[in-house]
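Engineer: Mind having a look at this structure? Questions to follow.
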Amino acid sequence: MLGDLNPKELRVTVEAGVIYPGLDHTAVATVDKLVGRQYEPVDFSAVTRMLLVLPGYEPAVVIDSAYLPDVITWSGNEITIDLSSYDIPPSVHNCSLVAFDAQHPRGQAVVDGVDSRMVLDFRDIITGGALPPPIGDQTTMVREAGATMSALKVVYELDGVVYPLDKDDAVHIDLLLGVTLTAADMGGTVTVQRTGFIDDSSWSWTPGRVYLGAAGALTQVPATSGSDVLIGSASSATRLILGITDPITLE
């Protein structure tokens with residue numbers, strides 16, 4: 001039986017008190033009661049219901065096992081709390097916990113936040129974003145934009161900054177980096193792809209070669225002045241297979 005509990009006589013030990021919402025992390029609290037001069041495990045087997053209170057809100061958040069049986073579970077002297085599925089912002093809560101059994105239909109305090117404490121620390125880990133390419137894989141790369149530019153433009157790189165490349169730009173033609181996948185304002189970041197293939201529904205290519213045109217544009221019309229630069233081949237109306245070759249200076 002649970003018996004009468006006094007928070008001053010309880011020792012609450014919390015393992016893994018850090019919870020990462022959205023990830024599989026639970027907190028487990030063990031509760032022992034001072035009997036004489038030593039602590040003995042509290043037996044929660046007769047408990048029928050528990051209330052967990054997070055006091056850091058107005059009003060406080062109360063989690064009732066009668067309605068959320070998967071959030072609070074107990075066995076022996078262990079209480080397991082699984083709030084990983086709930087969108088709780090990063091915060092630290094000195095919680096309260098109330099247990100109910102047949103002898104205590106109105107419940108009694110197990111954790112009161114003063115004489116017995118259970119602290120839950122909710123932390124945020126960002127799981128979205130872009131995965132950088134592996135070391136040595138230069139298929140795609142992220143660079144600073146030296147000018148406002150749109151996606152699907154050919155760019156060159158100078159001192160870590162990229163700019164649109166024109167077929168008539170003899171000064172920078174040998175610095176060709178690749179094709180932009182994203183748009184960017186000047187000073188922003190832009191993703192550039194150099195190898196592989198690019199799909200875009202706005203294209204309407206005729207299968208065949210694709211060249212560098214004016215101001216970074218892609219074209220299927222070979223240059224007659226400046227530099228002839230093959231960017232790749234269209235394998236369908238909406239797919240470009242990149243195959244950048246060295247520029248050929250035209251007379």
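Every chain in the structure tokens takes a letter, A first, then B, and so on in the order presented; its residues are numbered from 1, and the ligands are numbered from 1 following the presented order.
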Using only C-alpha atoms, determine which residues lie at most 10 Å from A:Val62, disregarding the query and same-chain residues fewer than 5 positions distant; provide the list as an MDAnalysis selection string.
Structural biologist: chainID A and resid 51:55 96:97
Engineer: With N, CA and C atoms kept, could you save the residues just selected as an mmCIF file, in the first residue's frame?
Structural biologist:
data_model
loop_
_atom_site.group_PDB
_atom_site.id
_atom_site.type_symbol
_atom_site.label_atom_id
_atom_site.label_comp_id
_atom_site.auth_asym_id
_atom_site.auth_seq_id
_atom_site.Cartn_x
_atom_site.Cartn_y
_atom_site.Cartn_z
ATOM 1 N N LEU A 51 -1.401 13.306 -10.784
ATOM 2 C CA LEU A 51 -1.453 14.634 -11.396
ATOM 3 C C LEU A 51 -0.047 15.223 -11.400
ATOM 4 N N LEU A 52 0.409 15.651 -12.586
ATOM 5 C CA LEU A 52 1.689 16.347 -12.703
ATOM 6 C C LEU A 52 1.397 17.806 -13.024
ATOM 7 N N VAL A 53 2.012 18.713 -12.268
ATOM 8 C CA VAL A 53 1.764 20.145 -12.441
ATOM 9 C C VAL A 53 3.049 20.827 -12.893
ATOM 10 N N LEU A 54 2.967 21.545 -14.029
ATOM 11 C CA LEU A 54 4.067 22.387 -14.507
ATOM 12 C C LEU A 54 3.716 23.819 -14.133
ATOM 13 N N PRO A 55 4.381 24.389 -13.128
ATOM 14 C CA PRO A 55 3.937 25.682 -12.597
ATOM 15 C C PRO A 55 4.387 26.897 -13.391
ATOM 16 N N SER A 96 5.245 19.746 -9.464
ATOM 17 C CA SER A 96 4.525 19.140 -8.347
ATOM 18 C C SER A 96 3.883 17.851 -8.841
ATOM 19 N N LEU A 97 3.686 16.907 -7.909
ATOM 20 C CA LEU A 97 3.095 15.623 -8.283
ATOM 21 C C LEU A 97 2.187 15.152 -7.161
#
Engineer: Among stretch 25-249 of chain A, which ones does DSSP assign to helix (DSSP H, G or I) (computed from the backbone)? Answer as a PDB file with N, CA and C atoms, in the first residue's frame.
Structural biologist:
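Dumped everything to out_4.pdb:
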ATOM      1  N   ILE A 173      35.525  34.435 -66.741  1.00  0.00           N
ATOM      2  CA  ILE A 173      34.964  33.225 -67.349  1.00  0.00           C
ATOM      3  C   ILE A 173      35.621  31.955 -66.829  1.00  0.00           C
ATOM      4  N   ASP A 174      36.904  32.038 -66.444  1.00  0.00           N
ATOM      5  CA  ASP A 174      37.592  30.849 -65.945  1.00  0.00           C
ATOM      6  C   ASP A 174      37.268  30.550 -64.480  1.00  0.00           C
ATOM      7  N   LEU A 175      36.460  31.405 -63.835  1.00  0.00           N
ATOM      8  CA  LEU A 175      36.090  31.208 -62.430  1.00  0.00           C
ATOM      9  C   LEU A 175      34.688  30.615 -62.289  1.00  0.00           C
ATOM     10  N   ALA A 214      23.724  35.214 -71.677  1.00  0.00           N
ATOM     11  CA  ALA A 214      23.981  36.535 -71.104  1.00  0.00           C
ATOM     12  C   ALA A 214      23.542  36.591 -69.652  1.00  0.00           C
ATOM     13  N   ALA A 215      24.347  37.273 -68.814  1.00  0.00           N
ATOM     14  CA  ALA A 215      24.006  37.536 -67.411  1.00  0.00           C
ATOM     15  C   ALA A 215      23.660  36.268 -66.630  1.00  0.00           C
ATOM     16  N   GLY A 216      24.336  35.158 -66.970  1.00  0.00           N
ATOM     17  CA  GLY A 216      24.127  33.924 -66.228  1.00  0.00           C
ATOM     18  C   GLY A 216      22.984  33.068 -66.705  1.00  0.00           C
TER      19      GLY A 216
END
Engineer: In Å, how far is it from atom CA of A:Ala170 to atom CA of A:Gly146?
Structural biologist: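 These atoms are spaced 18.3 Å apart.
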Engineer: Among the residues of stretch 61-221 of chain A, find those DSSP assigns to strand (DSSP E or B) from the backbone and print them as a count of residues only.
Structural biologist: 71
Engineer: Counting only C-alpha atoms, which of A:Asp70, A:Ala99, A:Thr30, A:Asp82 gets nearest to A:Asp4?
Structural biologist: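 Nearest candidate to A:Asp4 out of A:Asp70, A:Ala99, A:Thr30, A:Asp82: A:Ala99.
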